[in-house]
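*Asks:* This is work-v1.cif (mmCIF, C-alpha atoms).
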```cif
data_structure
#
loop_
_atom_site.label_atom_id
_atom_site.label_comp_id
_atom_site.auth_asym_id
_atom_site.auth_seq_id
_atom_site.Cartn_x
_atom_site.Cartn_y
_atom_site.Cartn_z
CA MET A 1 0.00 0.00 0.00
CA ALA A 2 1.33 3.44 -1.00
CA ASP A 3 1.38 5.10 2.39
CA ASP A 4 1.98 1.87 4.33
CA LEU A 5 -0.82 2.47 6.79
CA ILE A 6 -2.94 0.02 8.75
CA LEU A 7 -5.71 1.07 11.09
CA LEU A 8 -6.90 -1.25 13.84
CA ASN A 9 -10.45 -0.12 14.32
CA LEU A 10 -13.91 -0.76 15.71
CA TRP A 11 -16.78 0.54 13.58
CA SER A 12 -18.68 1.83 16.60
CA SER A 13 -15.78 3.59 18.31
CA PRO A 14 -15.74 7.39 18.19
CA PHE A 15 -11.96 7.17 18.61
CA GLY A 16 -11.59 5.04 15.50
CA MET A 17 -13.85 7.49 13.63
CA ARG A 18 -11.52 10.37 14.52
CA VAL A 19 -8.60 8.61 12.85
CA ARG A 20 -10.61 7.61 9.78
CA ILE A 21 -11.77 11.22 9.35
CA ALA A 22 -8.19 12.50 9.61
CA LEU A 23 -6.91 9.91 7.12
CA ALA A 24 -9.71 10.79 4.70
CA GLU A 25 -9.07 14.53 5.05
CA LYS A 26 -5.48 13.86 4.02
CA GLY A 27 -6.52 11.57 1.16
CA LEU A 28 -4.48 8.68 2.53
CA ASP A 29 -4.85 5.01 1.57
CA TYR A 30 -4.86 2.52 4.37
CA GLU A 31 -5.84 -1.00 5.27
CA LEU A 32 -8.72 -1.12 7.72
CA ILE A 33 -8.75 -4.03 10.17
CA GLU A 34 -11.87 -4.43 12.25
CA GLU A 35 -11.14 -5.69 15.76
CA ASP A 36 -13.34 -7.82 18.01
CA LEU A 37 -12.77 -6.42 21.49
CA SER A 38 -14.05 -9.60 23.13
CA ASN A 39 -11.31 -11.47 21.26
CA LYS A 40 -8.44 -9.06 20.68
CA SER A 41 -6.11 -9.96 17.85
CA PRO A 42 -2.45 -10.78 18.51
CA LEU A 43 -1.63 -7.79 16.29
CA LEU A 44 -3.57 -5.38 18.53
CA LEU A 45 -1.97 -6.80 21.68
CA LYS A 46 1.46 -6.53 20.09
CA MET A 47 0.93 -2.99 18.76
CA ASN A 48 -0.73 -1.59 21.88
CA PRO A 49 0.53 -3.72 24.77
CA VAL A 50 0.02 -0.94 27.33
CA ARG A 51 -3.61 -0.03 26.77
CA LYS A 52 -4.72 -2.94 24.51
CA GLN A 53 -7.24 -0.60 22.88
CA ILE A 54 -8.19 0.63 19.45
CA ALA A 55 -7.54 2.90 17.64
CA VAL A 56 -4.02 1.97 16.59
CA LEU A 57 -2.41 3.31 13.45
CA ILE A 58 0.50 1.29 12.12
CA ASN A 59 2.78 3.26 9.78
CA LYS A 60 5.63 1.33 8.16
CA GLY A 61 5.25 -1.31 10.85
CA ARG A 62 5.41 1.15 13.77
CA PRO A 63 2.36 1.68 15.96
CA ILE A 64 0.89 4.97 17.12
CA CYS A 65 -1.82 4.80 19.79
CA GLU A 66 -4.45 7.15 21.27
CA SER A 67 -6.75 8.76 18.73
CA LEU A 68 -5.79 12.42 19.13
CA ILE A 69 -2.10 11.52 19.23
CA ILE A 70 -2.63 9.61 15.98
CA VAL A 71 -4.46 12.59 14.44
CA GLN A 72 -1.57 14.91 15.38
CA TYR A 73 0.93 12.43 13.96
CA ILE A 74 -0.98 12.24 10.69
CA ASP A 75 -1.15 16.03 10.58
CA GLU A 76 2.59 16.40 11.18
CA VAL A 77 3.73 13.77 8.68
CA TRP A 78 1.29 14.78 5.91
CA ARG A 79 1.41 18.47 6.68
CA HIS A 80 0.99 19.68 3.09
CA LYS A 81 -2.66 18.69 2.68
CA SER A 82 -5.66 19.92 4.73
CA PRO A 83 -3.81 20.92 7.92
CA LEU A 84 -5.82 20.00 10.99
CA LEU A 85 -3.88 22.28 13.31
CA PRO A 86 -3.09 25.95 12.65
CA SER A 87 0.55 27.02 12.31
CA ASP A 88 0.55 29.73 14.97
CA PRO A 89 1.63 28.29 18.38
CA CYS A 90 -1.04 30.20 20.30
CA ALA A 91 -3.82 29.02 17.99
CA ARG A 92 -2.40 25.48 18.19
CA ALA A 93 -2.47 25.65 21.98
CA LYS A 94 -6.09 26.76 21.87
CA ALA A 95 -6.99 23.89 19.52
CA ARG A 96 -5.20 21.36 21.73
CA PHE A 97 -6.95 22.76 24.80
CA TRP A 98 -10.40 22.29 23.28
CA ALA A 99 -9.58 18.86 21.85
CA ASP A 100 -8.47 17.92 25.37
CA TYR A 101 -11.74 19.35 26.76
CA VAL A 102 -13.73 17.11 24.42
CA ASP A 103 -11.56 14.14 25.41
CA LYS A 104 -12.01 14.75 29.15
CA ASN A 105 -15.78 15.06 29.00
CA ILE A 106 -17.88 13.87 26.10
CA TYR A 107 -17.18 10.13 26.06
CA ALA A 108 -17.59 9.59 29.80
CA ILE A 109 -20.67 11.77 30.14
CA GLY A 110 -22.28 10.63 26.88
CA LYS A 111 -21.89 7.00 27.92
CA LEU A 112 -24.00 7.68 31.00
CA VAL A 113 -26.63 9.51 28.97
CA TRP A 114 -27.34 6.48 26.76
CA GLY A 115 -26.14 3.83 29.20
CA ALA A 116 -27.42 4.79 32.65
CA THR A 117 -30.86 5.24 34.14
CA GLY A 118 -32.52 7.27 36.89
CA GLU A 119 -30.61 9.94 38.75
CA ILE A 120 -27.25 9.10 37.21
CA GLN A 121 -28.69 9.52 33.73
CA GLU A 122 -30.42 12.78 34.66
CA ALA A 123 -27.21 14.24 36.09
CA ALA A 124 -25.32 13.14 32.98
CA LYS A 125 -27.87 14.76 30.66
CA LYS A 126 -27.48 18.04 32.54
CA GLU A 127 -23.70 17.82 32.42
CA LEU A 128 -23.70 16.97 28.72
CA ILE A 129 -25.81 19.98 27.82
CA GLU A 130 -23.55 22.18 29.95
CA CYS A 131 -20.49 20.88 28.08
CA PHE A 132 -22.20 21.35 24.72
CA LYS A 133 -23.09 24.93 25.67
CA VAL A 134 -19.47 25.62 26.62
CA LEU A 135 -18.43 24.22 23.25
CA GLU A 136 -21.07 26.35 21.49
CA GLY A 137 -19.55 29.36 23.25
CA GLU A 138 -16.13 28.44 21.88
CA LEU A 139 -17.53 27.81 18.39
CA GLY A 140 -19.22 31.21 18.30
CA ASP A 141 -20.06 32.23 14.75
CA LYS A 142 -17.28 30.23 13.16
CA PRO A 143 -18.26 27.51 10.67
CA TYR A 144 -15.89 25.09 12.39
CA PHE A 145 -13.96 25.02 15.65
CA GLY A 146 -10.93 25.38 13.41
CA GLY A 147 -12.36 28.65 12.02
CA ASP A 148 -12.87 28.57 8.28
CA SER A 149 -11.12 25.24 8.08
CA PHE A 150 -12.07 21.92 9.59
CA GLY A 151 -9.61 21.18 12.38
CA ILE A 152 -8.62 18.87 15.19
CA VAL A 153 -11.35 19.99 17.58
CA ASP A 154 -13.97 19.27 14.90
CA VAL A 155 -12.34 15.85 14.36
CA ALA A 156 -12.33 15.19 18.11
CA LEU A 157 -16.00 16.06 18.61
CA ILE A 158 -17.91 15.08 15.48
CA PRO A 159 -17.81 11.28 16.02
CA PHE A 160 -20.05 11.78 19.05
CA TYR A 161 -22.74 13.04 16.68
CA SER A 162 -23.28 9.37 15.87
CA TRP A 163 -24.45 8.98 19.47
CA PHE A 164 -27.04 11.76 19.31
CA TYR A 165 -30.04 9.62 18.36
CA ALA A 166 -29.16 7.06 21.04
CA MET A 167 -28.64 9.74 23.69
CA GLU A 168 -31.86 11.56 22.81
CA THR A 169 -33.93 8.38 22.70
CA CYS A 170 -32.50 6.80 25.85
CA GLY A 171 -32.45 10.12 27.66
CA ASN A 172 -35.79 11.34 26.35
CA PHE A 173 -34.61 14.84 25.48
CA SER A 174 -33.74 16.91 22.45
CA ILE A 175 -30.19 18.06 21.88
CA VAL A 176 -31.16 20.41 19.04
CA ALA A 177 -33.64 22.19 21.32
CA GLU A 178 -30.89 22.89 23.85
CA CYS A 179 -27.95 23.34 21.52
CA PRO A 180 -29.09 24.34 18.03
CA LYS A 181 -25.74 25.86 17.08
CA LEU A 182 -23.92 22.65 17.85
CA VAL A 183 -26.33 20.59 15.78
CA SER A 184 -25.91 23.04 12.85
CA TRP A 185 -22.17 22.63 13.19
CA ALA A 186 -22.55 18.84 13.21
CA LYS A 187 -24.66 18.88 10.07
CA ARG A 188 -22.10 21.12 8.39
CA CYS A 189 -19.39 18.60 9.27
CA MET A 190 -21.53 15.76 7.93
CA GLU A 191 -21.48 17.46 4.51
CA ARG A 192 -17.78 16.58 4.34
CA GLU A 193 -17.22 13.21 2.75
CA SER A 194 -14.46 12.40 5.25
CA VAL A 195 -17.04 12.66 8.03
CA SER A 196 -20.12 11.14 6.37
CA LYS A 197 -18.12 8.10 5.27
CA SER A 198 -16.56 7.60 8.73
CA LEU A 199 -19.65 7.93 10.92
CA PRO A 200 -22.08 5.02 11.11
CA ASP A 201 -25.80 5.59 10.72
CA GLN A 202 -27.25 6.95 13.97
CA TYR A 203 -29.99 4.31 14.13
CA LYS A 204 -27.49 1.48 13.63
CA MET A 205 -25.44 3.02 16.45
CA TYR A 206 -28.53 3.26 18.65
CA CYS A 207 -29.31 -0.45 18.19
CA PHE A 208 -25.72 -1.35 18.97
CA LEU A 209 -25.57 0.83 22.10
CA LEU A 210 -28.91 -0.54 23.27
CA GLU A 211 -27.51 -4.07 23.00
CA LEU A 212 -24.46 -2.97 24.98
CA LYS A 213 -26.65 -1.33 27.61
CA THR A 214 -28.72 -4.49 28.00
CA LYS A 215 -25.56 -6.60 28.29
CA PHE A 216 -24.15 -4.33 31.06
CA GLN A 217 -27.43 -4.29 32.94
CA ALA A 218 -27.61 -8.08 32.80
CA GLN A 219 -24.16 -8.37 34.43
CA MET B 220 9.08 43.65 21.39
CA ALA B 221 9.67 43.04 25.10
CA GLU B 222 8.30 39.65 25.91
CA GLU B 223 5.96 39.21 28.84
CA VAL B 224 5.74 35.74 30.32
CA LYS B 225 3.76 35.05 33.47
CA LEU B 226 2.98 31.79 35.19
CA PHE B 227 0.08 31.27 37.58
CA GLY B 228 1.02 28.33 39.75
CA MET B 229 0.96 26.74 43.15
CA TRP B 230 4.19 25.89 44.97
CA GLY B 231 3.24 22.30 45.78
CA SER B 232 1.59 21.36 42.48
CA PRO B 233 3.51 18.94 40.24
CA PHE B 234 1.59 20.28 37.22
CA SER B 235 2.70 23.82 38.01
CA ARG B 236 6.32 22.74 38.61
CA ARG B 237 6.38 20.96 35.23
CA ILE B 238 5.98 24.32 33.56
CA GLU B 239 8.58 26.05 35.74
CA ILE B 240 11.08 23.31 34.98
CA ALA B 241 10.43 23.55 31.24
CA LEU B 242 10.76 27.34 31.23
CA LYS B 243 13.97 27.19 33.28
CA LEU B 244 15.47 24.45 31.08
CA LYS B 245 14.87 26.72 28.10
CA GLY B 246 16.21 29.80 29.85
CA VAL B 247 12.92 31.70 29.57
CA SER B 248 12.42 34.53 32.07
CA TYR B 249 9.00 34.73 33.61
CA GLU B 250 7.06 36.30 36.44
CA TYR B 251 5.64 33.75 38.84
CA ILE B 252 2.30 34.34 40.53
CA GLU B 253 1.45 32.07 43.44
CA GLU B 254 -2.23 31.15 43.63
CA ASP B 255 -4.14 30.30 46.78
CA LEU B 256 -6.28 27.43 45.50
CA GLN B 257 -8.79 27.95 48.31
CA ASN B 258 -9.23 31.54 47.19
CA LYS B 259 -8.53 31.74 43.48
CA SER B 260 -7.64 35.13 42.08
CA PRO B 261 -9.95 36.96 39.65
CA LEU B 262 -7.10 36.84 37.12
CA LEU B 263 -6.84 33.05 37.28
CA LEU B 264 -10.59 32.73 36.84
CA LYS B 265 -10.40 35.14 33.91
CA TYR B 266 -7.54 33.32 32.19
CA ASN B 267 -8.82 29.79 32.81
CA PRO B 268 -12.59 30.11 33.05
CA VAL B 269 -13.21 26.55 31.86
CA HIS B 270 -11.15 24.61 34.40
CA LYS B 271 -10.24 27.35 36.92
CA LYS B 272 -6.97 25.56 37.65
CA VAL B 273 -3.24 26.17 37.73
CA PRO B 274 -0.96 26.19 35.87
CA VAL B 275 -1.81 28.94 33.41
CA LEU B 276 0.86 30.48 31.23
CA LEU B 277 0.33 34.03 30.05
CA HIS B 278 2.46 35.00 27.06
CA ASN B 279 2.12 38.60 25.88
CA GLY B 280 -1.34 38.70 27.38
CA LYS B 281 -2.55 35.43 25.84
CA PRO B 282 -3.42 32.64 28.29
CA ILE B 283 -2.64 28.96 27.75
CA ALA B 284 -4.04 26.33 30.11
CA GLU B 285 -3.59 22.56 30.70
CA SER B 286 -0.03 21.56 31.51
CA ILE B 287 0.65 19.32 28.51
CA VAL B 288 -0.82 21.94 26.15
CA ILE B 289 1.45 24.51 27.82
CA LEU B 290 4.49 22.23 27.44
CA GLU B 291 3.76 21.85 23.71
CA TYR B 292 3.39 25.63 23.40
CA ILE B 293 6.67 26.28 25.23
CA GLU B 294 8.47 23.88 22.89
CA GLU B 295 7.03 25.53 19.79
CA THR B 296 7.70 29.07 20.99
CA TRP B 297 11.19 28.84 22.55
CA LYS B 298 13.41 26.64 20.42
CA THR B 299 16.51 26.43 22.68
CA ASN B 300 17.20 23.14 24.44
CA PRO B 301 14.40 21.04 22.93
CA ILE B 302 12.59 18.82 25.41
CA TRP B 303 10.34 17.14 22.84
CA PRO B 304 11.68 14.75 20.19
CA ALA B 305 12.03 16.31 16.75
CA ASP B 306 10.89 13.23 14.83
CA PRO B 307 7.06 12.99 14.48
CA TYR B 308 7.01 9.29 15.39
CA GLU B 309 9.19 9.76 18.49
CA ARG B 310 7.01 12.74 19.40
CA ALA B 311 3.89 10.57 19.14
CA ILE B 312 5.52 8.04 21.47
CA ALA B 313 6.41 10.79 23.96
CA ARG B 314 2.84 12.11 23.82
CA PHE B 315 1.55 8.60 24.44
CA TRP B 316 3.64 8.19 27.59
CA ALA B 317 2.74 11.63 28.86
CA LYS B 318 -0.94 10.82 28.39
CA PHE B 319 -0.56 7.37 29.96
CA PHE B 320 1.12 8.99 32.92
CA ASP B 321 -1.52 11.66 33.35
CA ASP B 322 -4.52 9.41 32.69
CA LYS B 323 -3.36 6.48 34.79
CA CYS B 324 -0.07 6.49 36.71
CA GLY B 325 -0.09 9.74 38.62
CA LEU B 326 -3.61 9.26 39.85
CA ALA B 327 -3.11 5.57 40.65
CA ALA B 328 -0.02 6.31 42.74
CA TRP B 329 -1.74 9.21 44.53
CA ASN B 330 -4.86 7.11 45.23
CA ALA B 331 -2.82 4.16 46.46
CA CYS B 332 -1.17 6.35 49.09
CA TRP B 333 -4.43 7.84 50.31
CA ALA B 334 -6.62 4.72 50.00
CA GLU B 335 -8.53 3.52 53.02
CA GLU B 336 -7.68 0.11 54.48
CA LYS B 337 -10.34 -1.85 52.63
CA GLU B 338 -9.33 -0.42 49.22
CA LYS B 339 -5.60 -0.21 49.91
CA GLU B 340 -4.56 -3.58 48.47
CA LYS B 341 -6.37 -3.08 45.18
CA ALA B 342 -5.16 0.52 44.85
CA MET B 343 -1.56 -0.49 45.56
CA GLU B 344 -1.81 -3.27 42.97
CA GLU B 345 -3.11 -0.86 40.35
CA ALA B 346 -0.37 1.65 41.10
CA SER B 347 2.28 -1.09 41.03
CA GLU B 348 1.05 -2.19 37.59
CA CYS B 349 1.51 1.37 36.34
CA LEU B 350 5.00 1.61 37.79
CA LYS B 351 5.84 -1.77 36.26
CA THR B 352 4.79 -0.43 32.86
CA LEU B 353 6.93 2.67 33.33
CA GLU B 354 9.86 0.50 34.45
CA GLY B 355 9.46 -1.50 31.25
CA GLU B 356 9.48 1.62 29.11
CA LEU B 357 12.52 3.08 30.87
CA LYS B 358 14.52 -0.18 30.53
CA ASP B 359 18.21 0.75 30.57
CA LYS B 360 17.79 4.37 29.53
CA LYS B 361 19.00 7.07 31.88
CA PHE B 362 15.88 9.13 31.28
CA PHE B 363 12.63 8.54 29.39
CA GLY B 364 14.01 11.13 26.99
CA GLY B 365 17.20 9.07 26.48
CA ASP B 366 20.47 10.62 27.60
CA LYS B 367 18.86 13.96 28.26
CA VAL B 368 15.84 14.95 30.33
CA GLY B 369 12.81 15.13 28.05
CA MET B 370 9.17 15.88 28.19
CA VAL B 371 8.11 12.52 29.61
CA ASP B 372 10.60 12.87 32.48
CA ILE B 373 9.18 16.29 33.28
CA VAL B 374 5.61 14.96 33.20
CA ALA B 375 6.47 11.91 35.31
CA ILE B 376 8.42 13.89 37.90
CA PHE B 377 5.55 13.41 40.35
CA ILE B 378 6.79 9.83 40.77
CA ALA B 379 10.42 10.90 41.18
CA PHE B 380 9.79 13.46 43.87
CA TRP B 381 6.26 13.89 45.19
CA LEU B 382 5.50 10.18 45.44
CA ARG B 383 8.73 9.46 47.31
CA VAL B 384 7.87 12.12 49.88
CA LEU B 385 4.23 11.05 50.11
CA GLN B 386 4.92 7.34 50.51
CA GLU B 387 7.22 8.14 53.42
CA VAL B 388 4.54 10.22 55.13
CA VAL B 389 1.74 7.67 54.72
CA GLY B 390 3.94 4.60 55.16
CA ALA B 391 3.47 3.03 51.74
CA ASP B 392 6.29 1.31 49.92
CA LEU B 393 5.26 1.79 46.34
CA LEU B 394 8.49 2.91 44.65
CA THR B 395 11.44 1.03 46.13
CA PRO B 396 14.81 0.11 44.61
CA GLU B 397 13.97 -3.57 45.12
CA LYS B 398 10.63 -3.46 43.33
CA PHE B 399 11.51 -1.00 40.54
CA PRO B 400 15.29 -0.62 40.28
CA ALA B 401 15.35 1.28 36.98
CA LEU B 402 12.57 3.66 38.00
CA PHE B 403 14.13 4.25 41.41
CA LYS B 404 17.53 5.02 39.87
CA TRP B 405 15.82 7.34 37.36
CA SER B 406 14.10 9.19 40.20
CA GLU B 407 17.45 9.82 41.92
CA GLU B 408 19.06 11.00 38.66
CA LEU B 409 16.14 13.26 37.77
CA VAL B 410 15.82 15.09 41.07
CA GLY B 411 19.62 15.42 41.15
CA CYS B 412 19.72 17.32 37.84
CA PRO B 413 20.96 20.90 38.38
CA ILE B 414 18.02 22.94 37.09
CA ILE B 415 15.41 20.46 38.23
CA LYS B 416 16.49 20.19 41.85
CA GLU B 417 16.34 23.97 42.20
CA ASN B 418 12.76 23.98 40.95
CA LEU B 419 11.16 21.37 43.14
CA PRO B 420 9.08 22.29 46.18
CA PRO B 421 10.94 22.35 49.52
CA ARG B 422 10.79 18.80 50.85
CA ASP B 423 9.99 19.73 54.43
CA ARG B 424 7.19 22.03 53.36
CA LEU B 425 5.69 19.22 51.28
CA ILE B 426 5.95 16.84 54.24
CA ILE B 427 4.00 19.33 56.38
CA LEU B 428 1.34 19.58 53.66
CA PHE B 429 0.97 15.81 53.35
CA ARG B 430 1.04 15.26 57.12
CA ALA B 431 -1.74 17.82 57.58
CA ARG B 432 -3.86 16.00 55.02
CA LEU B 433 -3.15 12.67 56.69
CA GLU B 434 -4.21 14.05 60.06
CA SER B 435 -7.43 15.53 58.73
CA SER B 436 -8.35 12.25 57.02
CA LYS B 437 -8.26 10.32 60.36
#
```
Would you give me this structure, written as structure tokens?
*Replies:*
Amino acid sequence: MADDLILLNLWSSPFGMRVRIALAEKGLDYELIEEDLSNKSPLLLKMNPVRKQIAVLINKGRPICESLIIVQYIDEVWRHKSPLLPSDPCARAKARFWADYVDKNIYAIGKLVWGATGEIQEAAKKELIECFKVLEGELGDKPYFGGDSFGIVDVALIPFYSWFYAMETCGNFSIVAECPKLVSWAKRCMERESVSKSLPDQYKMYCFLLELKTKFQAQ
Amino acid sequence: MAEEVKLFGMWGSPFSRRIEIALKLKGVSYEYIEEDLQNKSPLLLKYNPVHKKVPVLLHNGKPIAESIVILEYIEETWKTNPIWPADPYERAIARFWAKFFDDKCGLAAWNACWAEEKEKEKAMEEASECLKTLEGELKDKKFFGGDKVGMVDIVAIFIAFWLRVLQEVVGADLLTPEKFPALFKWSEELVGCPIIKENLPPRDRLIILFRARLESSK
């Protein structure tokens, strides 16, 4: 393969989606290997012995782990096309800060919104909307978090759009009612082929997450 | 243009000290502002409204928050004495270890020291697993950065200094030369480095801080 890239992935993982979006933005060819997390491949365990998680990008036989670290690596090596980080250090710091904010909050809170019940779910819903409102504040009137260009914060956040139907249905609330700007941003991102081809259908995701939720509750 | 660099920090915070060490290693002059975390200043809240935490670096009026973000910024802005690898792959590896440290190790070690009796064994096991992983990554290198102190060493300095003080105060034997010889040796080397040892919190002051917390938890 031209760029010698392999991605160890899981179709439902927002972290895998981030990497696929970044690879697509850069127009890179890669081999996609779908992992079964209940039966991790020897390759995954060899390439990510510390965390044993996807996503793992293997470039010329060398692994890079952690989705946002992978995205930054891709951006640095294939700098010439569709930069995902600005060149000014201050703007880069701002982008990294907000990507980190997404990383610290959205997965953990979102999981409780679709996965929990009762008081825990209610608290998570409240927290999620608060986070989304903070992000809307940062977005402002810009088309993307990256300004006029799609950037790392957009890449970090947009995969969670695939959870929206599941969160709204399980949580019995409307995200667009609370955060219309964010939903507009998400739809704008979805117009990019890199995003629409990397995110699964929201209903398919909902069914999958529901299955997961039932499995956890049964344990 | 005269450069204005300010750092909002807290004397005992390993996150704050990371930044001071990095700035000092690069020979960057800065004004240090000590924050009382029980009574945060209006400036801190203005410059880090999202997390309201130290450290915050202010460069020519522009604030940067989150220690690893600040370390990346420092590297990109002041090119002398690089502390990050130049090669993108090596840099990705360094970022991985910094993240692993911050997401898992630091917290695990801290929790293991403060855990209550019934959770102590499990917490110590978890922390030991983390240290074992770090030991494996260090192998026979002098520092995580190789021959020179690098970014991962600066991030992991909590283990080299704070943990060793803390485990003495609470009576935990997490990092010992018998259990983790490479990591223990690394900790001695790191805190012995000229610029680093001058920028660590005073040991006795840290002991007082930890002892006070231990007393109040009884």
*Asks:* For chain A, which residues have at least one atom within 12 Å of chain B, if we go by only C-alpha atoms? Write them as a PyMOL selection string, please.
*Replies:* chain A and resi 48-51+56-79+87-101+103-105+130-131+133-135+137-138
*Asks:* So what do you get for atom CA of B:Val384 versus atom CA of B:Glu340, distance-wise?
*Replies:*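 Between these atoms lies a distance of 20.1 Å.
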*Asks:* Mind pulling up the distance from atom CA of B:Lys404 to atom CA of B:Val247?
*Replies:* 29.0 Å
*Asks:* Could you check the closest approach to A:Phe173 for each of A:Glu191, A:Glu31, A:Asp4, A:Glu122 and tell me which residue wins, using all atoms listed in the file?
*Replies:*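 The closest residue to A:Phe173 is A:Glu122.
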*Asks:* Can you tell me which residues surround A:Leu84 at a distance of at most 7 Å, considering all atoms listed in the file, apart from same-chain residues fewer than 5 positions away, and format the answer as a ChimeraX atom specification?
*Replies:* /A:75,150-152
*Asks:* Please work out which residues fall within 9 Å of (-13.4, -5.8, 18.3), coordinates as given in the file, with all atoms listed in the file counting, and return them as a list in words.
*Replies:* Asn9, Leu10, Trp11, Glu34, Glu35, Asp36, Leu37, Ser38, Asn39, Lys40, Ser41 and Ile54 of chain A
*Asks:* Do you have the atom CA of A:Lys126-atom CA of A:Thr214 distance handy?
*Replies:* 23.0 Å
*Asks:* Please provide the set of residues having any atom within 8 Å of B:Glu345, restricted to all atoms listed in the file, with same-chain residues fewer than 3 positions apart removed, written as a PDB file with C-alpha atoms, in the coordinates of the input.
*Replies:*
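Saved file selection-v6.pdb follows:
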```pdb
ATOM      1  CA  ALA B 327      -3.110   5.570  40.650  1.00  0.00           C
ATOM      2  CA  ALA B 331      -2.820   4.160  46.460  1.00  0.00           C
ATOM      3  CA  LYS B 341      -6.370  -3.080  45.180  1.00  0.00           C
ATOM      4  CA  ALA B 342      -5.160   0.520  44.850  1.00  0.00           C
ATOM      5  CA  GLU B 348       1.050  -2.190  37.590  1.00  0.00           C
ATOM      6  CA  CYS B 349       1.510   1.370  36.340  1.00  0.00           C
TER       7      CYS B 349
END
```
*Asks:* Starting from the displayed file, determine the output of the PyMOL selection byres ((chain A and resi 157-164) around 10) and express the residue list as number ranges by chain.
*Replies:* A: 12-18, 21, 98-99, 101-103, 106-107, 110-111, 113-114, 135, 145, 152-156, 165-170, 174-176, 182-183, 185-187, 189-190, 195-196, 198-206, 209
*Asks:* Taking (20.4, 10.9, 33.1) in the file's own coordinates, collect the residues within 12 Å, counting all atoms listed in the file, and hand them back as a PyMOL selection string.
*Replies:* chain B and resi 357+359-369+372+401-402+404-413+415
*Asks:* Neighbouring residues of stretch 222-227 of chain B were defined as those with any atom within 10 Å, considering all atoms listed in the file; residues of the same chain fewer than 5 positions away were excluded. Please report them as a list in words.
*Replies:*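 Once the nearby chain positions are removed, what remains is Ser235, Ile238, Glu239, Leu242, Val247, Ser248, Tyr249, Glu250, Tyr251, Ile252, Glu253, Glu254, Ser260, Leu262, Leu263, Tyr266, Lys272, Val273, Pro274, Val275, Leu276, Leu277, His278, Asn279, Gly280, Lys281, Pro282, Ile283 and Ala284 of chain B.
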*Asks:* Restricting the calculation to all atoms listed in the file, which member of B:Gly325, B:Pro420, B:Pro400, B:Gly355 is positioned closest to B:Ile240?
*Replies:*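 Nearest to B:Ile240: B:Pro420.
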